[in-house]
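> Dropping in model.txt, with compact mmCIF, C-alpha atoms and all ligand atoms.
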# COMPACT_ATOMS: atom_id res chain seq x y z
CA MET M 7 29.38 158.65 14.54
CA GLY M 8 26.45 156.41 15.69
CA PHE M 9 27.15 153.81 12.94
CA PHE M 10 30.75 153.14 13.91
CA PRO M 11 30.28 150.93 17.06
CA PHE M 12 27.60 148.92 15.24
CA TYR M 13 30.02 148.27 12.33
CA ILE M 14 32.69 147.04 14.76
CA PHE M 15 30.17 144.83 16.50
CA LEU M 16 29.12 143.33 13.16
CA GLU M 17 32.68 142.66 12.12
CA VAL M 18 33.55 141.00 15.44
CA SER M 19 30.47 138.82 15.37
CA VAL M 20 31.21 137.70 11.78
CA VAL M 21 34.72 136.74 12.83
CA MET M 22 33.32 134.88 15.83
CA VAL M 23 30.80 133.03 13.71
CA CYS M 24 33.51 132.06 11.24
CA ALA M 25 35.76 130.87 14.03
CA SER M 26 33.00 128.79 15.60
CA VAL M 27 32.07 127.24 12.22
CA THR M 28 35.71 126.30 11.59
CA SER M 29 36.13 124.73 15.01
CA THR M 30 32.90 122.74 14.81
CA GLU M 31 33.84 121.54 11.29
CA GLN M 32 37.24 120.28 12.45
CA ALA M 33 35.58 118.39 15.25
CA LYS M 34 32.95 117.07 12.84
CA LEU M 35 35.41 115.33 10.40
CA SER M 36 34.81 111.93 11.86
CA THR M 37 37.03 108.88 11.60
CA PRO M 38 36.05 106.11 9.15
CA ARG M 39 33.83 103.43 10.66
CA ASN M 40 33.18 99.75 10.17
CA ILE M 41 36.73 98.89 9.17
CA TYR M 42 37.29 95.29 8.12
CA MET M 43 39.60 93.05 6.10
CA ASN M 44 38.50 91.11 3.06
CA SER M 45 41.14 88.53 2.28
CA SER M 46 40.75 85.67 -0.15
CA ASN M 47 43.31 83.61 -2.06
CA MET M 48 46.17 85.64 -0.56
CA LYS M 49 44.85 88.99 -1.83
CA HIS M 50 44.19 91.34 1.06
CA TYR M 51 41.90 94.37 1.07
CA LEU M 52 41.05 96.85 3.81
CA HIS M 53 37.50 98.24 3.65
CA TRP M 54 35.60 100.98 5.52
CA ASP M 55 32.30 102.80 5.25
CA PRO M 56 32.30 105.99 3.16
CA ILE M 57 31.88 109.30 5.02
CA LEU M 58 29.33 111.82 3.74
CA ASN M 59 30.47 115.43 3.92
CA ASP M 60 28.99 118.63 2.38
CA GLU M 61 32.26 120.56 2.51
CA GLY M 62 34.05 118.68 -0.24
CA THR M 63 35.28 115.36 -1.48
CA VAL M 64 36.33 113.03 1.31
CA LYS M 65 39.61 111.25 0.70
CA TYR M 66 41.28 108.48 2.66
CA SER M 67 44.78 107.35 3.53
CA VAL M 68 45.92 103.98 4.84
CA ARG M 69 48.92 102.89 6.88
CA VAL M 70 50.16 99.48 8.01
CA GLN M 71 52.41 98.27 10.79
CA GLY M 72 53.97 94.83 11.14
CA GLU M 73 54.25 92.95 14.41
CA TYR M 74 57.88 93.88 15.08
CA GLU M 75 57.31 97.61 14.46
CA ARG M 76 54.16 97.54 16.57
CA ILE M 77 55.99 96.03 19.54
CA GLN M 78 58.87 98.48 19.11
CA ASN M 79 56.28 101.25 18.57
CA THR M 80 58.22 102.52 15.55
CA ASP M 81 57.56 103.15 11.86
CA TRP M 82 54.33 102.90 9.96
CA THR M 83 54.25 102.02 6.30
CA TYR M 84 52.05 104.47 4.39
CA VAL M 85 50.52 102.38 1.62
CA ASP M 86 51.67 104.13 -1.59
CA ILE M 87 48.62 103.32 -3.68
CA CYS M 88 46.24 104.35 -0.88
CA GLN M 89 47.16 107.97 -0.07
CA SER M 90 44.35 110.53 -0.47
CA ILE M 91 42.16 108.16 -2.45
CA THR M 92 38.41 108.49 -2.95
CA ALA M 93 37.72 104.75 -2.95
CA HIS M 94 36.74 103.28 0.42
CA TRP M 95 38.89 100.19 0.13
CA CYS M 96 42.62 99.61 -0.22
CA ASN M 97 44.66 96.76 -1.72
CA VAL M 98 47.23 95.99 0.96
CA THR M 99 48.46 92.72 -0.61
CA GLU M 100 51.97 94.07 -1.18
CA GLU M 101 52.31 95.28 2.43
CA ILE M 102 51.16 92.05 4.09
CA ALA M 103 54.30 90.12 3.22
CA THR M 104 54.84 87.73 6.13
CA ASN M 105 52.84 85.53 8.48
CA VAL M 106 52.70 87.97 11.38
CA GLN M 107 50.00 90.10 12.99
CA TYR M 108 49.47 93.41 11.20
CA GLU M 109 47.86 96.57 12.47
CA LEU M 110 45.99 98.58 9.79
CA GLN M 111 44.64 102.13 10.07
CA VAL M 112 42.71 104.57 7.89
CA ARG M 113 41.86 108.25 8.21
CA ALA M 114 39.61 110.66 6.32
CA GLU M 115 40.69 113.96 4.74
CA VAL M 116 38.74 116.93 3.42
CA GLY M 117 40.95 119.64 1.99
CA SER M 118 43.63 120.20 4.60
CA GLN M 119 41.51 118.74 7.41
CA LYS M 120 42.35 115.27 8.61
CA SER M 121 40.48 112.90 10.88
CA ASP M 122 42.10 110.77 13.56
CA TRP M 123 43.38 107.38 12.56
CA ALA M 124 40.77 104.70 12.90
CA LYS M 125 42.04 101.18 13.45
CA LEU M 126 40.94 97.72 12.45
CA GLY M 127 39.11 95.97 15.27
CA GLN M 128 41.60 93.13 15.47
CA LEU M 129 45.07 92.48 14.15
CA PHE M 130 45.27 90.78 10.77
CA ASN M 131 47.31 87.66 9.94
CA ARG M 132 47.31 86.56 6.32
CA ASN M 133 47.05 82.92 7.41
CA ALA M 134 43.35 83.75 7.85
CA SER M 135 42.92 84.34 4.10
CA ILE M 136 39.92 82.49 2.72
CA LEU M 137 41.01 79.96 0.11
CA THR M 138 38.46 79.31 -2.59
CA PRO M 139 38.91 76.37 -4.97
CA PRO M 140 39.96 77.39 -8.50
CA ALA M 141 37.66 77.31 -11.51
CA VAL M 142 38.53 74.24 -13.62
CA LYS M 143 37.71 73.51 -17.26
CA PHE M 144 38.38 70.54 -19.51
CA HIS M 145 39.88 71.13 -22.89
CA SER M 146 40.04 68.16 -25.25
CA LEU M 147 41.95 67.91 -28.49
CA GLY M 148 41.49 64.59 -30.20
CA GLN M 149 42.29 61.89 -27.71
CA ALA M 150 44.33 64.12 -25.39
CA LEU M 151 42.60 65.65 -22.36
CA THR M 152 43.86 68.87 -20.82
CA LEU M 153 42.71 70.76 -17.73
CA LYS M 154 42.77 74.54 -17.62
CA ILE M 155 42.93 75.85 -14.07
CA GLU M 156 42.21 79.40 -12.93
CA TYR M 157 45.43 81.30 -12.16
CA LEU M 158 45.45 82.35 -8.52
CA GLY M 159 48.93 83.86 -8.50
CA ARG M 160 52.48 82.77 -7.76
CA ASN M 161 51.58 81.82 -4.20
CA PHE M 162 49.70 78.73 -5.34
CA VAL M 163 50.38 75.19 -6.48
CA TYR M 164 47.62 72.80 -7.51
CA PHE M 165 46.87 69.22 -6.60
CA VAL M 166 45.00 67.49 -9.43
CA PHE M 167 42.92 64.36 -8.93
CA TYR M 168 41.50 62.46 -11.90
CA TRP M 169 39.89 59.13 -12.61
CA LYS M 170 38.14 57.18 -15.34
CA LYS M 171 34.39 57.39 -14.83
CA GLY M 172 33.23 54.15 -13.29
CA ALA M 173 36.68 53.47 -11.82
CA GLU M 174 36.55 56.02 -8.99
CA GLU M 175 38.65 53.76 -6.76
CA LYS M 176 41.67 54.36 -9.00
CA VAL M 177 42.21 58.09 -8.53
CA VAL M 178 45.44 59.48 -9.94
CA SER M 179 46.78 62.44 -7.95
CA LYS M 180 49.46 64.83 -9.16
CA LYS M 181 51.07 67.93 -7.70
CA MET M 182 51.64 70.58 -10.35
CA ASN M 183 54.57 72.98 -10.51
CA ARG M 184 54.23 76.44 -8.99
CA GLY M 185 52.66 78.85 -11.47
CA ASP M 186 51.48 76.13 -13.90
CA THR M 187 47.79 76.22 -14.84
CA ILE M 188 47.67 73.65 -17.67
CA PHE M 189 47.55 69.95 -16.83
CA HIS M 190 47.73 67.08 -19.33
CA LEU M 191 46.07 63.84 -18.27
CA GLU M 192 48.30 60.83 -18.89
CA ASN M 193 47.34 57.49 -20.43
CA VAL M 194 43.77 58.39 -21.33
CA GLU M 195 41.92 55.84 -23.46
CA GLY M 196 39.81 57.07 -26.37
CA GLY M 197 36.06 56.74 -25.92
CA TYR M 198 36.18 56.88 -22.11
CA GLU M 199 34.94 59.64 -19.86
CA TYR M 200 37.36 61.13 -17.32
CA CYS M 201 36.62 63.34 -14.35
CA ALA M 202 38.87 65.68 -12.39
CA GLN M 203 38.98 67.84 -9.28
CA VAL M 204 41.57 70.38 -8.12
CA ILE M 205 42.81 71.69 -4.76
CA ALA M 206 44.69 74.99 -4.54
CA HIS M 207 47.54 75.01 -2.04
CA ALA M 208 48.71 78.40 -0.72
CA VAL M 209 52.46 77.88 -0.27
CA PRO M 210 53.30 80.81 2.10
CA ILE M 211 50.70 79.75 4.66
CA SER M 212 50.71 75.97 3.96
CA ARG M 213 46.97 75.74 3.64
CA ASN M 214 44.68 73.97 1.16
CA SER M 215 41.48 75.18 -0.44
CA SER M 216 38.55 72.82 -0.49
CA LYS M 217 38.15 70.66 -3.60
CA SER M 218 36.85 72.27 -6.77
CA THR M 219 33.67 71.05 -8.42
CA VAL M 220 34.10 67.86 -10.44
CA VAL M 221 34.49 68.36 -14.19
CA CYS M 222 34.24 65.54 -16.74
CA ALA M 223 35.08 65.06 -20.41
CA THR M 224 35.26 62.21 -22.90
CA ALA M 225 38.49 61.40 -24.66
CA THR M 226 37.49 61.01 -28.30
CA GLY M 227 38.96 58.21 -30.37
CA SER M 228 38.70 60.17 -33.62
CA GLY M 229 40.06 63.45 -34.87
CA LEU M 230 43.56 64.68 -35.51
CA SER M 231 45.42 62.10 -33.46
CA SER M 232 43.88 59.05 -35.18
CA LEU M 233 44.46 60.62 -38.62
CA THR M 234 48.09 61.07 -37.62
CA ILE M 235 48.24 57.47 -36.40
CA GLY M 236 46.75 56.32 -39.74
CA LEU M 237 49.33 58.25 -41.76
CA ILE M 238 52.18 56.93 -39.63
CA SER M 239 50.89 53.33 -40.06
CA LEU M 240 50.61 53.76 -43.81
CA PHE M 241 54.15 55.12 -43.97
CA GLY M 242 55.33 52.19 -41.85
CA ILE M 243 53.68 49.66 -44.18
CA ILE M 244 55.23 51.28 -47.26
CA VAL M 245 58.70 51.28 -45.71
CA GLY M 246 58.17 47.64 -44.67
CA LEU M 247 57.18 46.61 -48.20
CA VAL M 248 60.19 48.37 -49.72
CA PHE M 249 62.51 46.52 -47.35
CA LEU M 250 60.77 43.19 -48.03
CA TYR M 251 61.13 43.68 -51.79
CA ALA M 252 64.84 44.56 -51.43
CA PHE M 253 65.42 41.53 -49.22
CA LEU M 254 63.66 39.14 -51.61
CA ARG M 255 65.64 40.51 -54.57
CA TYR M 256 68.85 40.00 -52.65
CA LEU M 257 67.78 36.47 -51.76
CA VAL M 258 67.02 35.62 -55.41
CA LEU M 259 70.42 36.93 -56.55
CA VAL M 260 72.24 34.95 -53.86
CA MET M 261 70.36 31.78 -54.84
CA ARG M 262 71.12 32.27 -58.51
CA TYR M 263 74.85 32.71 -58.02
CA SER M 264 75.27 30.05 -55.35
CA CYS M 265 73.19 27.14 -56.75
CA CYS M 266 72.28 27.45 -60.42
CA PRO M 267 75.75 28.10 -62.01
CA GLN M 268 77.15 25.02 -60.25
CA GLY M 269 74.60 22.86 -62.04
CA LYS M 270 75.35 24.37 -65.42
CA ILE M 271 79.15 24.31 -65.41
CA PRO M 272 80.10 20.86 -66.67
CA GLU M 273 81.79 18.91 -63.90
CA THR M 274 84.19 17.40 -66.41
CA LEU M 275 85.89 20.76 -66.91
CA LYS M 276 86.56 21.02 -63.22
CA GLU M 277 87.32 17.40 -62.46
CA PRO M 278 88.50 15.57 -65.59
CA PHE M 279 89.14 12.27 -63.82
CA SER M 280 85.74 11.74 -62.26
CA SER M 281 83.64 8.85 -63.32
CA GLN M 282 82.50 9.34 -66.95
CA LYS M 283 79.53 7.12 -66.51
CA ILE M 284 77.96 9.29 -63.87
CA ILE M 285 78.70 12.41 -65.93
CA ARG M 286 77.21 10.81 -68.96
CA HIS M 287 73.97 9.99 -67.21
CA HIS M 288 73.94 13.36 -65.61
CA PHE M 289 74.39 15.17 -68.94
CA LEU M 290 71.85 13.07 -70.68
CA GLU M 291 69.28 13.74 -68.03
CA ASP M 292 70.05 17.48 -68.08
CA CYS M 293 69.72 17.63 -71.84
CA GLU M 294 66.52 15.74 -71.93
CA LYS M 295 65.03 17.97 -69.28
CA ILE M 296 66.07 21.20 -70.97
CA THR M 297 64.95 20.02 -74.38
CA SER M 298 61.56 18.97 -73.16
CA ILE M 299 60.90 22.15 -71.16
CA GLU M 300 62.43 24.79 -73.43
CA PRO M 301 62.87 23.95 -77.13
CA SER M 302 64.88 27.17 -77.64
CA HIS M 303 67.68 25.65 -75.50
CA GLN M 304 68.23 22.85 -77.97
CA MET M 305 71.44 24.54 -79.14
CA THR M 306 72.96 24.36 -75.71
CA CYS M 307 71.95 20.74 -75.43
CA GLU M 308 73.52 19.87 -78.77
CA VAL M 309 76.72 21.60 -77.74
CA THR M 310 76.73 19.74 -74.50
CA ALA M 311 75.99 16.53 -76.34
CA GLN M 312 78.91 17.27 -78.66
CA ASP M 313 81.10 17.72 -75.62
CA TYR M 314 79.90 14.46 -74.31
CA SER M 315 80.54 12.59 -77.58
CA ASP M 316 84.07 14.03 -77.65
CA LYS M 317 84.60 12.69 -74.20
CA THR M 318 83.25 9.26 -75.11
CA GLN M 319 85.56 9.14 -78.09
CA PHE M 320 88.35 9.82 -75.71
CA LEU M 321 87.38 6.73 -73.76
C1 LIG W 1 46.01 93.75 -5.47
O1 LIG W 1 47.43 93.66 -5.47
C2 LIG W 1 47.93 92.44 -5.88
C3 LIG W 1 49.43 92.46 -5.70
O2 LIG W 1 50.00 93.58 -6.30
C4 LIG W 1 47.52 92.19 -7.31
O3 LIG W 1 47.98 90.93 -7.73
C5 LIG W 1 46.01 92.23 -7.43
O4 LIG W 1 45.61 92.07 -8.76
C6 LIG W 1 45.48 93.54 -6.87
N1 LIG W 1 44.04 93.51 -6.89
C7 LIG W 1 43.30 94.39 -7.57
C8 LIG W 1 41.81 94.24 -7.49
O5 LIG W 1 43.81 95.29 -8.21
C1 LIG W 2 47.62 82.06 12.21
O1 LIG W 2 48.80 82.35 12.94
C2 LIG W 2 48.57 82.73 14.28
C3 LIG W 2 49.91 83.07 14.90
O2 LIG W 2 50.43 84.20 14.27
C4 LIG W 2 47.90 81.57 15.02
O3 LIG W 2 47.61 81.95 16.34
C5 LIG W 2 46.61 81.20 14.29
O4 LIG W 2 46.03 80.06 14.91
C6 LIG W 2 46.87 80.92 12.84
N1 LIG W 2 45.59 80.71 12.16
C7 LIG W 2 45.42 79.80 11.21
C8 LIG W 2 44.08 79.75 10.57
O5 LIG W 2 46.32 79.03 10.87
C1 LIG W 3 46.81 69.53 0.88
O1 LIG W 3 46.32 68.51 0.03
C2 LIG W 3 47.28 67.58 -0.41
C3 LIG W 3 46.63 66.64 -1.39
O2 LIG W 3 45.49 66.04 -0.87
C4 LIG W 3 47.86 66.84 0.79
O3 LIG W 3 48.85 65.95 0.34
C5 LIG W 3 48.44 67.84 1.77
O4 LIG W 3 48.89 67.16 2.93
C6 LIG W 3 47.41 68.89 2.12
N1 LIG W 3 48.04 69.91 2.95
C7 LIG W 3 47.47 70.47 4.00
C8 LIG W 3 48.25 71.47 4.72
O5 LIG W 3 46.32 70.15 4.34
Please express what this file holds, its structure, as structure tokens.
Ligand SMILES: *[C@@H]1O[C@H](CO)[C@@H](O)[C@H](O)[C@H]1NC(C)=O
Ligand SMILES: *[C@@H]1O[C@H](CO)[C@@H](O)[C@H](O)[C@H]1NC(C)=O
Ligand SMILES: *[C@@H]1O[C@H](CO)[C@@H](O)[C@H](O)[C@H]1NC(C)=O

Amino acid sequence: MGFFPFYIFLEVSVVMVCASVTSTEQAKLSTPRNIYMNSSNMKHYLHWDPILNDEGTVKYSVRVQGEYERIQNTDWTYVDICQSITAHWCNVTEEIATNVQYELQVRAEVGSQKSDWAKLGQLFNRNASILTPPAVKFHSLGQALTLKIEYLGRNFVYFVFYWKKGAEEKVVSKKMNRGDTIFHLENVEGGYEYCAQVIAHAVPISRNSSKSTVVCATATGSGLSSLTIGLISLFGIIVGLVFLYAFLRYLVLVMRYSCCPQGKIPETLKEPFSSQKIIRHHFLEDCEKITSIEPSHQMTCEVTAQDYSDKTQFL
């Protein structure tokens, strides 16, 4: 009988102790501290200090509110990829979609316990994103020079500046298309060194990064392109020679049919009443010439001479 009240007392005190532990624990789950935004090149991250807790793994959830919703005191957007996460940062790039002031909050969770929402010290506007110049590399293939620019996302366009080394006063500037990261330098001369610099322009907030470091490269005069040029030249020369040969052949044929036959056809056959004396002299001269140059043509000459003698008889 004496044990019974003691047992009750023990049970009650255990319950009390448990209750007090639970209540102190709930009060102890503190809100995340040192909340700040890290935003560069239009990628936005919310950070906070991790909370140490013996009871279990601490998880975090993040929510965001745009300017309009904040003024209306309505909905919060619970960031999908940042619900009950163990990391102590959250990528809120997708949620920060316009150039307005955003409120961001984070809370801690252990099991079913949840802390209060802790808020960012000041509202965030993405126009405050830090813009760092892109990494730029030269890539040369033969005489052509190409710039490879770090991809910073669809929000960016690049301004490229380039010049021939030693002619810095003649800087060529070009605005690239949105999303493009490869730039071909125009009119580069082989053997010369070219330098370039790039600015990244964030379209949604109309702001420029500072200029990238200067990169330089020499356009080589040799290599693939000059070999190609050589082959093309050779082909051109061959085609030219073929055409020249064809033209000369044509010319020779035209000359042969337009001049030479006229000299060989006896004029007497065409014009029987022309002066015989002139024809006679003409034939004699022709014969003498042919005989003296080519003895094998003697036959022709004799025939012609025969012709001539026939004609003289006729006189
Ligand atoms: C953050 O989100 C943006 C948009 O979805 C994405 O482009 C970027 O790569 C993400 N950053 C990291 C570190 O995952
Ligand atoms: C960003 O926009 C806010 C207005 O929403 C303006 O007060 C602030 O000066 C802007 N900051 C920059 C860096 O453009
Ligand atoms: C960004 O740089 C380009 C090229 O120098 C310039 O034309 C443009 O006005 C600049 N924009 C801003 C907002 O500074």
> Distance limit 7 Å, reference ligand LIG 3 (chain W), atoms considered: all atoms listed in the file. Which residues make the cut? Give them as a ChimeraX atom specification.
/M:165,205,207,212-214
> What are the closest atom pairs, with distances in Å to one decimal, for all residues of chain M lying within 10 Å of ligand LIG 2 (chain W)? Consider all atoms listed in the file, order rows by chain and residue number, and present the result as a tab-separated table.

residue	atom	partner	partner_atom	distance
M:Glu73	CA	W:LIG2	O2	9.5
M:Thr104	CA	W:LIG2	O2	9.9
M:Asn105	CA	W:LIG2	O2	6.4
M:Val106	CA	W:LIG2	O2	5.3
M:Gln107	CA	W:LIG2	O2	6.1
M:Tyr108	CA	W:LIG2	O2	9.8
M:Leu129	CA	W:LIG2	O2	9.9
M:Phe130	CA	W:LIG2	O2	9.1
M:Asn131	CA	W:LIG2	C1	6.1
M:Arg132	CA	W:LIG2	C1	7.4
M:Asn133	CA	W:LIG2	C1	4.9
M:Ala134	CA	W:LIG2	C8	4.9
M:Ser135	CA	W:LIG2	C8	8.0
M:Ile136	CA	W:LIG2	C8	9.3
M:Ile211	CA	W:LIG2	O5	7.6
M:Ser212	CA	W:LIG2	O5	8.7
M:Arg213	CA	W:LIG2	O5	8.0
> Rank nothing, just name the residue among M:Leu126, M:Leu35, M:Val85, M:Ile57 nearest to ligand LIG 1 (chain W), using all atoms listed in the file.
M:Val85
> Could you give me, as a list in words, every polymer residue with an atom at most 12 Å away from an atom of ligand LIG 1 (chain W), counting all atoms listed in the file?
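Counting only what the definition allows, namely all atoms listed in the file, the set is Asn44, Ser45, Ser46, Asn47, Met48, Lys49, His50, Tyr51, Leu52, Val85, Asp86, Ile87, Cys88, Trp95, Cys96, Asn97, Val98, Thr99, Glu100, Glu101, Ile102, Ala103, Tyr157, Leu158, Gly159, Arg160 and Asn161 of chain M.
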> Measuring atom to atom with all atoms listed in the file, identify which of M:Val116, M:Leu240, M:Ala173, M:Leu254 is nearest to Ser90 (chain M).
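Closest to Ser90 (chain M) of all the choices is M:Val116.
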> Expressed in Å to a single decimal, how great is the separation between CA of Glu195 (chain M) and CA of Thr224 (chain M)?
9.2 Å
> Excluding His145 (chain M) and any residue of its chain fewer than 4 positions from it, enumerate the residues within 9 Å of it, using all atoms listed in the file, and give them as a PDB file with C-alpha atoms, in the coordinates of the input.

ATOM      1  CA  ALA M 150      44.330  64.120 -25.390  1.00  0.00           C
ATOM      2  CA  LEU M 151      42.600  65.650 -22.360  1.00  0.00           C
ATOM      3  CA  THR M 152      43.860  68.870 -20.820  1.00  0.00           C
ATOM      4  CA  LEU M 153      42.710  70.760 -17.730  1.00  0.00           C
ATOM      5  CA  LYS M 154      42.770  74.540 -17.620  1.00  0.00           C
ATOM      6  CA  ALA M 223      35.080  65.060 -20.410  1.00  0.00           C
TER       7      ALA M 223
END
> Pick out the closest residue to Gly127 (chain M) from this set: M:Phe167, M:Tyr74, M:Phe162, M:Tyr42. Count all atoms listed in the file.
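Closest to Gly127 (chain M), using all atoms listed in the file: M:Tyr42.
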> Rank M:Glu109, M:Val177, M:Gly172, M:Val220 by their smallest atom-to-atom distance to Ile77 (chain M), using all atoms listed in the file, and report the top residue only.
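Smallest distance to Ile77 (chain M) is found for M:Glu109.
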> Which neighbours of Pro139 (chain M) fall inside 7 Å, counting all atoms listed in the file, when residues of the same chain fewer than 6 positions from it are skipped, and could you give them as a ChimeraX atom specification?
/M:205-206,215-218
> Measuring atom to atom with all atoms listed in the file, identify which of M:Asn183, M:Thr83, M:Thr92, M:Gln71 is nearest to Asp55 (chain M).
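Among M:Asn183, M:Thr83, M:Thr92, M:Gln71, it is M:Thr92 that comes nearest to Asp55 (chain M).
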> Mind pulling up the distance from CA of Arg184 (chain M) to CA of Val163 (chain M)?
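Between CA of Val163 (chain M) and CA of Arg184 (chain M) the gap works out to 4.8 Å.
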> To one decimal place, how far is CA of Asp60 (chain M) from CA of Val112 (chain M) in Å?
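Calculated distance between CA of Asp60 (chain M) and CA of Val112 (chain M) is 20.4 Å.
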> Tell me which of M:Arg39, M:Lys176, M:Arg76, M:Lys170 sits closest to Arg113 (chain M), counting all atoms listed in the file.
M:Arg39
> Can you patch up region 74-81 of chain M, filling it in to all heavy atoms, and show the result as a compact mmCIF listing (two decimals), keeping the file's coordinate frame?

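Contents of out11.txt, freshly written:
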# COMPACT_ATOMS: atom_id res chain seq x y z
N TYR M 74 56.63 93.42 14.47
CA TYR M 74 57.88 93.88 15.08
C TYR M 74 57.82 95.39 15.35
O TYR M 74 58.10 95.84 16.46
CB TYR M 74 59.05 93.56 14.16
CG TYR M 74 60.38 94.05 14.67
CD1 TYR M 74 61.07 93.35 15.66
CD2 TYR M 74 60.95 95.22 14.16
CE1 TYR M 74 62.29 93.82 16.15
CE2 TYR M 74 62.16 95.69 14.64
CZ TYR M 74 62.83 94.99 15.63
OH TYR M 74 64.02 95.46 16.11
N GLU M 75 57.39 96.15 14.34
CA GLU M 75 57.31 97.61 14.46
C GLU M 75 56.27 98.01 15.52
O GLU M 75 56.45 99.00 16.23
CB GLU M 75 56.95 98.25 13.12
CG GLU M 75 58.05 98.22 12.08
CD GLU M 75 58.26 96.85 11.45
OE1 GLU M 75 57.36 95.99 11.58
OE2 GLU M 75 59.31 96.63 10.84
N ARG M 76 55.22 97.24 15.59
CA ARG M 76 54.16 97.54 16.57
C ARG M 76 54.70 97.36 18.00
O ARG M 76 54.48 98.21 18.86
CB ARG M 76 52.95 96.63 16.34
CG ARG M 76 51.75 96.96 17.21
CD ARG M 76 50.51 96.22 16.73
NE ARG M 76 50.76 94.82 16.45
CZ ARG M 76 50.83 93.86 17.37
NH1 ARG M 76 50.65 94.14 18.63
NH2 ARG M 76 51.08 92.62 17.03
N ILE M 77 55.43 96.29 18.21
CA ILE M 77 55.99 96.03 19.54
C ILE M 77 57.04 97.09 19.89
O ILE M 77 57.08 97.60 21.01
CB ILE M 77 56.55 94.59 19.62
CG1 ILE M 77 55.38 93.60 19.60
CG2 ILE M 77 57.42 94.40 20.86
CD1 ILE M 77 55.76 92.18 19.30
N GLN M 78 57.84 97.46 18.90
CA GLN M 78 58.87 98.48 19.11
C GLN M 78 58.27 99.89 19.12
O GLN M 78 58.95 100.85 19.46
CB GLN M 78 59.92 98.42 17.98
CG GLN M 78 60.66 97.09 17.88
CD GLN M 78 61.53 96.82 19.09
OE1 GLN M 78 62.34 97.65 19.46
NE2 GLN M 78 61.32 95.68 19.73
N ASN M 79 56.98 99.97 18.71
CA ASN M 79 56.28 101.25 18.57
C ASN M 79 57.05 102.21 17.67
O ASN M 79 57.31 103.36 18.02
CB ASN M 79 56.02 101.87 19.95
CG ASN M 79 54.96 102.96 19.88
OD1 ASN M 79 54.20 103.02 18.90
ND2 ASN M 79 54.92 103.82 20.88
N THR M 80 57.47 101.69 16.50
CA THR M 80 58.22 102.52 15.55
C THR M 80 57.42 102.77 14.28
O THR M 80 56.21 102.99 14.36
CB THR M 80 59.58 101.88 15.22
OG1 THR M 80 59.36 100.57 14.72
CG2 THR M 80 60.48 101.83 16.45
N ASP M 81 58.11 102.70 13.15
CA ASP M 81 57.56 103.15 11.86
C ASP M 81 56.22 102.54 11.43
O ASP M 81 55.95 101.38 11.68
CB ASP M 81 58.57 102.79 10.74
CG ASP M 81 59.91 103.44 10.99
OD1 ASP M 81 59.95 104.42 11.76
OD2 ASP M 81 60.89 102.94 10.42
